[in-house]
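Trainee: First, the structure itself, so that you have it in front of you.
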There are 4 protein chains.
Amino acid sequence: MININTLIKEYSMARNRTLDLVEPLFEEDCCVQSLPDASSIKWHLGHVTWFFEAFVLQHYEKPFKPFQQEFLTMFSSYNESNVPHPDPKRVFFTRPSLKTTRDYCQNIDERINNLLRKLTEDNMLQMITTLGIQHEFQHQELMLADLKHLLSKNPLNPIYQPKNNLQITTSNMADPLEWRNFEGGLIEIGYEGKGFSYDNESPRHKQYLYPYQLASRLATNREYMQFIEEDGYNDPCFWFSEGWKWIKSVDCRHPLYWRHEEGEWKEFTLHGLVPLDLELAVTHLSYYEASAFAQWRDARLPTEAEWENAASKQEIDGDFADNNYFHPRHTTINTSVNINALYGTVWEWTQSSYSPYPGYNPKKSNTDKPKSDIWDIAVGEYNSESMVNQYVLRGGSCITPKKRIRSSMRNFLPAEARWQFSGIRLARNE
Amino acid sequence: MININTLIKEYSMARNRTLDLVEPLFEEDCCVQSLPDASSIKWHLGHVTWFFEAFVLQHYEKPFKPFQQEFLTMFSSYNESNVPHPDPKRVFFTRPSLKTTRDYCQNIDERINNLLRKLTEDNMLQMITTLGIQHEFQHQELMLADLKHLLSKNPLNPIYQPKNNLQITTSNMADPLEWRNFEGGLIEIGYEGKGFSYDNESPRHKQYLYPYQLASRLATNREYMQFIEEDGYNDPCFWFSEGWKWIKSVDCRHPLYWRHEEGEWKEFTLHGLVPLDLELAVTHLSYYEASAFAQWRDARLPTEAEWENAASKQEIDGDFADNNYFHPRHTTINTSVNINALYGTVWEWTQSSYSPYPGYNPKKSNTDKPKSDIWDIAVGEYNSESMVNQYVLRGGSCITPKKRIRSSMRNFLPAEARWQFSGIRLARNE
Amino acid sequence: MININTLIKEYSMARNRTLDLVEPLFEEDCCVQSLPDASSIKWHLGHVTWFFEAFVLQHYEKPFKPFQQEFLTMFSSYNESNVPHPDPKRVFFTRPSLKTTRDYCQNIDERINNLLRKLTEDNMLQMITTLGIQHEFQHQELMLADLKHLLSKNPLNPIYQPKNNLQITTSNMADPLEWRNFEGGLIEIGYEGKGFSYDNESPRHKQYLYPYQLASRLATNREYMQFIEEDGYNDPCFWFSEGWKWIKSVDCRHPLYWRHEEGEWKEFTLHGLVPLDLELAVTHLSYYEASAFAQWRDARLPTEAEWENAASKQEIDGDFADNNYFHPRHTTINTSVNINALYGTVWEWTQSSYSPYPGYNPKKSNTDKPKSDIWDIAVGEYNSESMVNQYVLRGGSCITPKKRIRSSMRNFLPAEARWQFSGIRLARNE
Amino acid sequence: MININTLIKEYSMARNRTLDLVEPLFEEDCCVQSLPDASSIKWHLGHVTWFFEAFVLQHYEKPFKPFQQEFLTMFSSYNESNVPHPDPKRVFFTRPSLKTTRDYCQNIDERINNLLRKLTEDNMLQMITTLGIQHEFQHQELMLADLKHLLSKNPLNPIYQPKNNLQITTSNMADPLEWRNFEGGLIEIGYEGKGFSYDNESPRHKQYLYPYQLASRLATNREYMQFIEEDGYNDPCFWFSEGWKWIKSVDCRHPLYWRHEEGEWKEFTLHGLVPLDLELAVTHLSYYEASAFAQWRDARLPTEAEWENAASKQEIDGDFADNNYFHPRHTTINTSVNINALYGTVWEWTQSSYSPYPGYNPKKSNTDKPKSDIWDIAVGEYNSESMVNQYVLRGGSCITPKKRIRSSMRNFLPAEARWQFSGIRLARNE
């Protein structure tokens with residue numbers, strides 16, 4: 001049973017955080033989407049609010065009156081038949097204005113607060129609210145990733161967040177890469193516990209692992225630069241055939257936000273355009289690039305079981321969005337753990353395709369969760385419908401809210417995705 | 001020689017009109033473009049201002065300092081090599097904000113005003129300023145057409161301009177269509193006079209016309225509805241092969257902004273979504289549709305020479321943007337002329353492909369205009385570079401500033417364009 | 001009235017010529033199509049035969065029994081609703097085999113011969129047969145153009161026709177280009193006479209021409225090479241905007257069949273890959289390239305009226321397919337005419353868009369021709385359905401059967417077409 | 001050590017079989033490719049021959065003289081940098097003719113035979129020849145699959161192989177579906193033995209399996225018809241999001257070769273167009289369709305480990321290409337095994353994405369095989385370059401040569417592939 005005051009506080013914090021992220025932006029910044037898979041900031045704002053209106057108020061508030069009837073479809077990610085359908089026309093939705101969308105947020109928040117205070121014994125209400133907060137965390141991350149992509153297209157190189165004093169000086173060299181050994185054997189992965197998790201993390205189950213090694217730190221820009229300079233993008237032997245075709249078709253020759261201007265390498269960040277810092281973790285790579293780099297290094301990407309087996313032994317600590325830096329930072333090896341930045345900084349591509357765990361039944365939710373249509377619909381985004389042609393990433397990034405992350409948490413993206421903070425943790429056989 | 005006070009006044013009026021058109025809009029409305037050939041309102045605003053900065057200030061102001069260096073390329077329609085290049089990324093330009101763009105307008109206007117008052121004897125300065133004002137008129141029209149297309153994509157059916165009391169009641173029936181005779185023979189078309197004209201209207205030249213007839217009024221929604229109901233979109237005999245393929249590929253079955261909802265025909269307008277008024281002129285048609293309709297009516301579209309030969313005998317009067325109605329209106333035959341709405345209401349597709357007049361030399365401007373590189377560059381948009389695969393439209397529309405129109409004025413669009421207020425004037429052989 | 005014995009002889013000659021053109025080819029060569037707008041040789045063979053089966057036998061033979069039911073649709077260019085429809089799957093039609101298609105030819109020929117000998121008084125039968133022969137001429141030309149394109153894709157550089165002794169030595173320099181004057185004034189163009197013509201050549205009508213000049217010879221490879229070397233493909237000022245985009249999108253930098261290999265310019269021809277002969281007429285150019293070249297030469301392309309006004313004064317003589325050379329040849333100015341190669345060698349792009357002549361009624365055939373449904377359907381290909389976004393070419397080429405050409409004959413192609421033998425006759429104002 | 005006489009005999013048999021498969025076809029049938037991923041029969045013929053020329057003769061024959069220099073690239077699947085490159089222009093390669101390609105086969109066969117008889121002690125030569133024979137088997141299967149697709153596009157519905165007397169009458173009902181139990185636990189999969197295998201089958205390794213069930217027979221057309229009739233293609237809840245988009249975008253509503261004509265379901269087969277036999281195994285399904293069907297049946301697809309664990313206990317027996325029937329046949333449960341058609345009939349989609357086995361090193365070949373550049377290049381097609389976004393199929397089909405199949409043999413295809421004989425074996429958790 002969830003403590004109701006804690007829940008109300010968490011709801012407030014999550015919702016206010018979303019608005020805080022929007023604060024530095026112009027109305028115009030919030031209205032444009034620069035990738036088919038991205039959304040505008042305003043749509044994100046409306047959508048996270050819609051979650052609470054559609055899955056909470058619409059079921060618990062009597063009588064229910066929509067804030068505005070059209071918002072129930074304009075901000076939905078699914079239509080009544082559960083077909084994914086953000087309207088392709090939404091890139092043209094200049095109305096509602098940002099102002100009206102904020103009013104929508106405020107109105108729904110008041111009504112949710114009333115409801116939570118009134119129905120203090122309703123377990124399902126609290127579970128769906130908890131799910132909504134996790135959904136909000138997810139979209140907070142997407143907002144920053146989508147925004148970065150949008151701003152990167154502007155010749156004025158807009159700065160979302162001026163560099164703050166958290167920055168560590170650039171003189172630090174990255175630590176040398178060392179290999180950490182893991183024994184393997186018959187291990188278990190998957191969610192274990194009583195807190196929140198998505199259905200794709202269950203059931204906890206056995207897997208047999210052969211002995212393996214993980215790199216003590218993430219791959220760096222310097223190492224990736226060496227891959228480029230040694231003609232990594234021009235030698236098909238490092239690439240999947242499909243990846244080779246892809247880099248040729250999109251003329252990809254470096255990580256997404258690197259730019260070579262006036263003889264110098266720069267990188268577009270949420271702090272604007274800055275000189276490329278070679279000591280930082282490389283990020284914004286496709287699965288193809290991550291795999292090619294690993295191949296070039298005579299290594300490979302870890303499986304998600306290998307990653308989770310290592311991560312479940314560490315505390316969840318690292319550079320998350322909570323530090324408001326929104327970019328990888330210089331780090332030194334934390335002597336208390338032997339693997340640096342396993343959590344946070346950048347998502348780590350695994351070689352595991354996103355697929356159901358043995359015993360997973362996409363039609364049923366976890367056994368310790370109540371059965372209910374509304375739950376099934378609300379949690380629908382994590383059901384099996386994405387379990388084809390996507391690859392798993394683990395650990396979260398510098399724009400991930402820390403509370404979103406668990407050792408069993410599975411993120412997944414198509415192989416060509418680059419606009420998320422995705423990077424490389426090398427693995428190899430012992 | 002242009003009167004300098006008149007010019008200053010005309011400049012002010014034109015520039016203020018542009019800002020007036022933006023007034024009813026949100027920042028968000030001004031930041032999105034919904035067609036590859038359209039632009040955002042903000043880009044239009046920056047671009048018309050850029051014209052004066054790039055072609056006037058940059059040449060006349062000493063020393064010249066750009067308002068912001070990047071704007072010279074962000075708001076340009078051409079790059080330094082005269083290659084058309086509105087940056088395809090401009091759909092993502094959320095900065096500069098609308099506010100900054102307005103500041104840009106104000107700054108350039110002050111500097112232009114100073115210049116005009118100082119260099120009162122500079123004929124070229126005045127000519128380019130005049131050209132810039134005509135350029136501004138053109139973009140005022142495009143802003144309304146582009147905006148209409150954008151707003152039409154929004155499920156909230158936004159209203160740009162509430163219906164005002166200019167509206168005539170819907171009880172009026174359109175006048176019966178009559179045919180007006182023209183003798184033809186060896187006639188002359190092309191610009192004649194001393195005022196402003198584009199180079200594509202010259203030289204005035206002879207053409208031989210066979211006797212022909214023009215319809216006394218524009219084709220109406222009622223007539224076009226009959227074409228639809230008699231299966232006009234399903235009988236290939238009315239269509240060019242290319243047009244037939246086009247209507248199938250884009251699934252075109254009615255004019256662009258018609259909608260069939262809940263058993264009723266409606267039309268999206270700048271006044272929002274309204275019931276379709278069958279008595280009004282049909283508009284937002286492609287050349288393919290206009291031709292097919294004419295074929296179905298056993299008629300044809302006029303040539304531009306036929307149109308101009310008729311129009312040059314009429315005063316320029318009609319429903320233009322100046323009346324702030326921005327939609328066709330009910331009209332009765334003006335007894336003083338025998339052809340209704342030859343000017344204004346909707347652009348009239350002609351069957352003439354856009355091509356140079358005999359003796360036209362795209363590299364030279366009109367003989368009574370000074371030769372100068374800057375003139376050539378500024379007027380470049382009307383040179384011959386568009387003279388392939390486009391068709392001529394004549395007469396202006398209800399969103400055209402009246403001062404943009406002359407009997408010799410040639411508008412031109414690709415055959416599939418529908419987002420301009422394009423309609424049908426029937427013609428036939430006597 | 002057509003002489004029946006002449007007609008039977010002409011039918012035989014035309015049909016045998018088609019088979020002769022196929023003779024040097026393998027079955028495989030006849031079964032593949034290398035462009036959406038092209039057809040396989042086998043389809044051409046079936047289609048010209050289908051014309052006689054569908055438009056003659058199906059109406060005149062009692063009782064009619066199709067050679068094979070499916071051929072009536074597989075080889076048709078139109079479906080029952082007059083919709084152009086060569087089945088897009090036809091690129092996969094490996095059956096009928098070439099052998100069966102030849103049997104189809106022979107069978108239809110026998111039945112047509114019987115019919116012509118039996119119904120000697122049937123004027124319509126004779127007219128449609130005449131039309132079918134002209135249709136056959138048209139496809140003989142297309143077969144060679146389509147075949148050249150197909151063979152050009154093969155690394156083995158196949159030779160269709162070994163160079164024969166008609167070749168004139170390469171030492172001849174092209175004659176210097178001179179300008180021939182034409183007075184203009186109120187002239188007439190369009191078909192005049194009693195023989196065969198397509199409906200698009202009528203009615204004969206007046207046009208007013210200003211004085212103009214035509215080049216005494218065609219543009220040469222040498223001149224075009226100079227255009228390339230002086231960066232013609234890199235300077236947008238010579239190009240239509242649409243043409244500029246097109247050359248960039250297809251990476252076009254020289255005529256279609258030129259190749260730069262091992263430091264040398266070569267050209268793929270129906271004689272195989274040969275060194276580029278700079279003295280020959282340049283060919284396989286798009287309308288965009290022809291226009292850009294003319295612009296670069298401070299000249300322009302002629303209008304079709306200017307061309308026809310000049311050509312109607314010359315006898316039809318030149319390098320046609322009848323000489324079995326199938327490539328431009330060295331020529332010297334024929335002193336009996338003052339314009340060289342106005343007919344034959346290469347089709348000459350005009351600046352005239354393909355549009356109806358004044359008084360042309362696409363629904364009616366020429367007045368001296370009988371009215372009949374079958375005639376209208378058979379002649380359908382030349383009706384108005386192509387009269388948008390195409391440009392007129394005049395005069396025929398070295399793969400055109402001479403009997404296809406008249407001074408009034410109008411060929412037409414989209415601006416980007418290059419696989420026909422299209423070239424350049426320059427014009428300018430006096 | 002391979003017995004040399006056996007090898008020579010196997011070489012002959014494999015090569016002759018390829019020619020036998022071509023025998024019933026016209027030259028035209030062999031020259032056309034109907035899918036980007038397919039090849040023409042002639043290209044297959046040249047390519048399997050090229051394998052022996054490029055990987056055997058070019059290394060062993062001294063001095064080596066190519067049959068025709070261009071064939072080394074025209075028939076290659078890789079260029080010198082190991083980049084996959086069947087020239088996209090190969091769809092236009094009408095030359096070499098089929099006749100010349102046969103001559104190529106014969107010439108290479110003679111030279112290979114000489115070589116094998118001469119270098120009887122060369123282990124690597126024998127291994128590469130063995131690999132070439134397996135490569136030939138693979139292409140024999142592809143030839144039939146590609147041919148079926150090509151012929152299916154022809155309105156004449158060509159018959160490759162007249163139905164022969166092997167056909168069992170259609171009165172037999174498929175056996176009822178039963179579930180077979182498997183215990184799971186820590187099992188081993190991967191190739192074990194001394195014979196031929198591809199590197200992707202190694203190393204043999206442990207996997208932990210939970211108890212599971214496999215269907216006693218393949219899913220039938222009748223069952224799939226029920227899925228269709230119960231609106232399986234219209235309910236997104238059965239589909240991956242990506243699969244849902246895919247069936248909408250290609251308008252997929254039934255297995256690839258089913259047709260509904262004149263109120264009756266038919267199926268295109270290598271025996272021509274025949275009535276759909278509801279009792280046969282359903283085939284030509286995408287991974288999306290196989291998964292949706294399983295979901296609809298409250299079941300799932302097996303993992304490849306589950307499949308192999310079951311299959312390794314059975315003898316390899318079933319309907320393979322060797323019976324020359326080339327289509328699924330009626331079968332009854334073989335009482336000697338408890339799972340019907342685990343081998344042969346149709347490939348069985350597994351839910352396993354194609355990925356490397358633990359310990360697999362794509363740069364090294366199997367440990368008991370000699371290291372050599374030529375081996376690495378020749379075997380390259382099975383290296384890791386395809387290990388992204390493909391799914392594993394197991395067991396072979398009715399067009400697979402029996403000698404191609406092992407219990408550890410892994411086939412793999414993109415999720416949307418349907419032109420192979422792919423079908424459904426259901427699985428579920430116990």
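Each chain in the structure tokens gets a letter, A, B, ..., in the order shown, and its residues are numbered from 1; ligands are numbered from 1 in order too.
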Identify all chain C residues at most 9 Å from chain D by counting only C-alpha atoms; ligands do not count. Present them as a list in words.

Mentor: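 Close to chain D, chain C has Phe26, Glu27, Glu28, Asp29, Cys30, Cys31, Val32, Gln33, Ser34, Glu70, Met74, Lys89, Arg90, Val91, Phe92, Phe93, Thr94, Arg95, Pro96, Ser97, Leu98, Leu150, Leu151, Lys153, Asn154, Pro155, Leu156 and Pro158 of chain C.
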
Trainee: Identify, on the basis of only C-alpha atoms, every residue whose closest approach to region 215-229 of chain D does not exceed 8 Å; exclude the query and any residue fewer than 4 positions from it along the same chain; express the result as an mmCIF file with N, CA and C atoms, in the first residue's frame.

Mentor:
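Final file, selection16.cif:
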```cif
data_model
loop_
_atom_site.group_PDB
_atom_site.id
_atom_site.type_symbol
_atom_site.label_atom_id
_atom_site.label_comp_id
_atom_site.auth_asym_id
_atom_site.auth_seq_id
_atom_site.Cartn_x
_atom_site.Cartn_y
_atom_site.Cartn_z
ATOM 1 N N ALA D 174 -6.481 -32.787 -41.863
ATOM 2 C CA ALA D 174 -5.276 -32.682 -41.046
ATOM 3 C C ALA D 174 -5.559 -33.298 -39.678
ATOM 4 N N ASP D 175 -4.560 -33.874 -39.081
ATOM 5 C CA ASP D 175 -4.725 -34.434 -37.739
ATOM 6 C C ASP D 175 -5.057 -33.327 -36.748
ATOM 7 N N LEU D 177 -4.634 -30.942 -33.633
ATOM 8 C CA LEU D 177 -3.406 -30.417 -33.032
ATOM 9 C C LEU D 177 -3.316 -30.888 -31.582
ATOM 10 N N GLU D 178 -2.185 -31.493 -31.267
ATOM 11 C CA GLU D 178 -1.929 -31.883 -29.875
ATOM 12 C C GLU D 178 -0.660 -31.186 -29.404
ATOM 13 N N TRP D 179 -0.488 -31.170 -28.090
ATOM 14 C CA TRP D 179 0.689 -30.492 -27.530
ATOM 15 C C TRP D 179 1.672 -31.529 -26.989
ATOM 16 N N ARG D 180 2.913 -31.396 -27.352
ATOM 17 C CA ARG D 180 3.971 -32.285 -26.868
ATOM 18 C C ARG D 180 4.779 -31.545 -25.800
ATOM 19 N N TYR D 233 -6.749 -9.728 -39.257
ATOM 20 C CA TYR D 233 -5.991 -8.645 -39.891
ATOM 21 C C TYR D 233 -6.552 -7.267 -39.531
ATOM 22 N N ARG D 253 -3.526 -8.944 -46.510
ATOM 23 C CA ARG D 253 -4.734 -9.464 -45.870
ATOM 24 C C ARG D 253 -4.816 -10.984 -45.891
ATOM 25 N N HIS D 254 -3.796 -11.621 -46.417
ATOM 26 C CA HIS D 254 -3.769 -13.089 -46.479
ATOM 27 C C HIS D 254 -2.379 -13.523 -46.895
ATOM 28 N N ASP D 277 -6.056 -25.669 -50.755
ATOM 29 C CA ASP D 277 -6.315 -26.906 -50.000
ATOM 30 C C ASP D 277 -6.201 -26.589 -48.514
ATOM 31 N N LEU D 278 -7.346 -26.585 -47.828
ATOM 32 C CA LEU D 278 -7.378 -26.121 -46.442
ATOM 33 C C LEU D 278 -6.625 -27.026 -45.476
ATOM 34 N N GLU D 279 -6.356 -28.276 -45.901
ATOM 35 C CA GLU D 279 -5.721 -29.214 -44.973
ATOM 36 C C GLU D 279 -4.202 -29.109 -44.969
ATOM 37 N N LEU D 280 -3.660 -28.350 -45.903
ATOM 38 C CA LEU D 280 -2.190 -28.264 -45.985
ATOM 39 C C LEU D 280 -1.644 -27.242 -45.002
ATOM 40 N N ALA D 281 -0.340 -27.345 -44.779
ATOM 41 C CA ALA D 281 0.339 -26.364 -43.919
ATOM 42 C C ALA D 281 0.271 -24.991 -44.575
ATOM 43 N N VAL D 282 -0.063 -23.975 -43.782
ATOM 44 C CA VAL D 282 -0.071 -22.608 -44.304
ATOM 45 C C VAL D 282 1.377 -22.165 -44.503
ATOM 46 N N PHE D 293 -0.816 -14.653 -35.616
ATOM 47 C CA PHE D 293 -1.613 -15.888 -35.569
ATOM 48 C C PHE D 293 -1.413 -16.600 -34.233
ATOM 49 N N TRP D 296 -3.208 -14.848 -31.497
ATOM 50 C CA TRP D 296 -4.655 -15.086 -31.628
ATOM 51 C C TRP D 296 -5.010 -16.465 -31.074
ATOM 52 N N ASN D 338 6.760 -38.095 -32.507
ATOM 53 C CA ASN D 338 5.547 -37.490 -31.960
ATOM 54 C C ASN D 338 5.340 -36.056 -32.394
ATOM 55 N N ILE D 339 6.230 -35.559 -33.244
ATOM 56 C CA ILE D 339 6.014 -34.219 -33.798
ATOM 57 C C ILE D 339 6.120 -34.317 -35.309
ATOM 58 N N ASN D 340 5.055 -33.932 -35.983
ATOM 59 C CA ASN D 340 4.983 -34.106 -37.426
ATOM 60 C C ASN D 340 5.637 -32.938 -38.163
ATOM 61 N N ALA D 341 6.405 -33.276 -39.207
ATOM 62 C CA ALA D 341 6.977 -32.269 -40.107
ATOM 63 C C ALA D 341 7.835 -31.230 -39.384
ATOM 64 N N LEU D 342 8.543 -31.671 -38.374
ATOM 65 C CA LEU D 342 9.485 -30.758 -37.732
ATOM 66 C C LEU D 342 10.579 -30.393 -38.735
ATOM 67 N N GLY D 423 6.380 -20.907 -42.440
ATOM 68 C CA GLY D 423 5.107 -21.277 -41.822
ATOM 69 C C GLY D 423 5.174 -21.232 -40.313
ATOM 70 N N ILE D 424 4.254 -21.917 -39.682
ATOM 71 C CA ILE D 424 4.057 -21.764 -38.238
ATOM 72 C C ILE D 424 4.040 -23.087 -37.484
ATOM 73 N N ARG D 425 4.935 -23.204 -36.514
ATOM 74 C CA ARG D 425 4.863 -24.247 -35.472
ATOM 75 C C ARG D 425 4.535 -23.524 -34.172
ATOM 76 N N LEU D 426 3.398 -23.799 -33.580
ATOM 77 C CA LEU D 426 3.039 -23.124 -32.334
ATOM 78 C C LEU D 426 3.794 -23.706 -31.144
ATOM 79 N N ALA D 427 4.005 -22.860 -30.149
ATOM 80 C CA ALA D 427 4.582 -23.287 -28.870
ATOM 81 C C ALA D 427 3.789 -22.631 -27.757
#
```

Trainee: With only C-alpha atoms as the counted atoms, please give the residues lying no more than 8 Å from region 396-405 of chain A, apart from itself and same-chain residues fewer than 4 positions off, as a compact mmCIF listing (two decimals) with N, CA, C and O atoms, in the first residue's frame.

Mentor:
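Wrote it out as selection.txt, contents follow:
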```
# COMPACT_ATOMS: atom_id res chain seq x y z
N GLN A 134 5.60 7.65 -13.50
CA GLN A 134 6.69 7.02 -14.27
C GLN A 134 6.60 7.41 -15.74
O GLN A 134 7.60 7.65 -16.41
N PHE A 137 8.07 10.73 -16.05
CA PHE A 137 9.54 10.66 -16.06
C PHE A 137 10.05 10.33 -17.46
O PHE A 137 11.01 10.93 -17.95
N GLN A 138 9.40 9.36 -18.05
CA GLN A 138 9.81 8.95 -19.39
C GLN A 138 9.72 10.12 -20.37
O GLN A 138 10.64 10.36 -21.17
N GLN A 140 9.70 13.33 -19.60
CA GLN A 140 10.69 14.36 -19.26
C GLN A 140 12.00 14.09 -20.01
O GLN A 140 12.64 15.00 -20.54
N GLU A 141 12.36 12.83 -20.06
CA GLU A 141 13.58 12.48 -20.78
C GLU A 141 13.41 12.73 -22.29
O GLU A 141 14.29 13.29 -22.94
N LEU A 144 13.72 16.40 -23.39
CA LEU A 144 15.08 16.92 -23.52
C LEU A 144 15.76 16.38 -24.77
O LEU A 144 16.47 17.11 -25.47
N ALA A 145 15.54 15.12 -25.05
CA ALA A 145 16.15 14.53 -26.25
C ALA A 145 15.56 15.15 -27.52
O ALA A 145 16.28 15.50 -28.46
N ILE A 316 22.33 2.24 -7.35
CA ILE A 316 21.99 3.10 -8.47
C ILE A 316 22.50 4.49 -8.18
O ILE A 316 21.92 5.22 -7.37
N ASP A 319 25.33 10.04 -13.07
CA ASP A 319 24.91 11.34 -13.58
C ASP A 319 23.55 11.22 -14.25
O ASP A 319 23.44 10.77 -15.39
N PHE A 320 22.52 11.66 -13.56
CA PHE A 320 21.17 11.64 -14.09
C PHE A 320 20.68 13.07 -14.34
O PHE A 320 21.38 14.05 -14.01
N ALA A 321 19.49 13.17 -14.87
CA ALA A 321 18.91 14.50 -15.15
C ALA A 321 18.78 15.33 -13.89
O ALA A 321 18.76 16.56 -13.95
N ASP A 322 18.72 14.66 -12.76
CA ASP A 322 18.49 15.37 -11.50
C ASP A 322 19.56 16.41 -11.21
O ASP A 322 19.32 17.36 -10.45
N TYR A 325 22.49 18.92 -15.46
CA TYR A 325 23.62 19.20 -16.33
C TYR A 325 23.33 18.79 -17.78
O TYR A 325 23.78 19.42 -18.72
N PHE A 326 22.61 17.71 -17.96
CA PHE A 326 22.08 17.30 -19.27
C PHE A 326 23.16 17.01 -20.30
O PHE A 326 22.96 17.20 -21.51
N HIS A 327 24.31 16.59 -19.83
CA HIS A 327 25.39 16.21 -20.74
C HIS A 327 26.37 15.34 -19.94
O HIS A 327 26.46 15.49 -18.72
N PRO A 328 27.07 14.41 -20.59
CA PRO A 328 28.08 13.63 -19.86
C PRO A 328 29.09 14.56 -19.20
O PRO A 328 29.39 15.64 -19.72
N TYR A 343 25.33 3.14 -14.25
CA TYR A 343 24.06 3.87 -14.27
C TYR A 343 24.31 5.31 -14.69
O TYR A 343 25.32 5.91 -14.32
N GLY A 344 23.39 5.87 -15.44
CA GLY A 344 23.47 7.28 -15.81
C GLY A 344 24.47 7.56 -16.92
O GLY A 344 25.00 6.64 -17.56
N THR A 345 24.73 8.83 -17.18
CA THR A 345 25.64 9.35 -18.22
C THR A 345 25.10 9.07 -19.62
O THR A 345 24.65 9.99 -20.30
N VAL A 346 25.19 7.82 -20.08
CA VAL A 346 24.58 7.46 -21.38
C VAL A 346 23.95 6.08 -21.28
O VAL A 346 24.42 5.21 -20.55
N TRP A 347 22.86 5.88 -22.02
CA TRP A 347 22.28 4.55 -22.17
C TRP A 347 23.29 3.64 -22.85
O TRP A 347 23.95 4.05 -23.82
N GLU A 348 23.35 2.39 -22.42
CA GLU A 348 24.32 1.46 -22.98
C GLU A 348 23.62 0.46 -23.88
O GLU A 348 22.76 -0.31 -23.43
N MET A 409 15.45 -2.35 -15.44
CA MET A 409 14.71 -1.49 -16.36
C MET A 409 15.22 -1.65 -17.80
O MET A 409 16.42 -1.51 -18.03
N PHE A 421 20.43 9.75 -25.74
CA PHE A 421 21.82 9.73 -25.25
C PHE A 421 22.29 8.28 -25.15
O PHE A 421 22.36 7.71 -24.06
N SER A 422 22.63 7.69 -26.30
CA SER A 422 23.02 6.29 -26.33
C SER A 422 24.53 6.18 -26.53
O SER A 422 25.11 6.91 -27.32
```

Trainee: For region 302-310 of chain A, find every residue with an atom within 8 Å (counting only C-alpha atoms), except residues of its own chain fewer than 3 positions away, and show them as number ranges by chain.

Mentor: A: 182, 187-189, 207, 209, 212, 214, 313-314, 349-352, 392-394, 407-408, 425-428

Trainee: May I have the residues within 9 Å of region 105-114 of chain B as a list in words, using only C-alpha atoms and disregarding those fewer than 4 positions away in the same chain?

Mentor: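 Result of the neighbour search: Ile8, Tyr11, Ser12, Arg15, Leu45, Gly46, Val48, Thr49, Trp50, Phe52, Glu53, Val56, Leu57, Glu61, Phe67, Thr100, Thr101, Lys118, Leu119 and Thr129 of chain B.
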
Trainee: Using C-alpha atoms, can you write the selected residues to a file as a compact mmCIF listing (two decimals), in the first residue's frame?

Mentor:
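The resulting file, result.txt, is shown below:
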```txt
# COMPACT_ATOMS: atom_id res chain seq x y z
CA ILE B 8 7.53 56.75 -48.00
CA TYR B 11 6.29 51.84 -47.79
CA SER B 12 4.73 52.48 -44.37
CA ARG B 15 4.84 47.29 -43.96
CA LEU B 45 7.92 38.39 -41.93
CA GLY B 46 11.67 37.96 -41.74
CA VAL B 48 10.14 40.63 -46.58
CA THR B 49 12.29 42.53 -44.11
CA TRP B 50 15.41 40.79 -45.38
CA PHE B 52 15.04 45.65 -47.70
CA GLU B 53 18.09 44.83 -45.62
CA VAL B 56 18.65 48.31 -50.01
CA LEU B 57 20.57 48.77 -46.76
CA GLU B 61 23.90 52.31 -45.92
CA PHE B 67 20.80 43.43 -37.62
CA THR B 100 12.77 39.27 -32.15
CA THR B 101 11.51 39.11 -35.72
CA LYS B 118 18.27 61.26 -47.21
CA LEU B 119 18.81 59.99 -50.76
CA THR B 129 12.00 50.15 -52.75
```
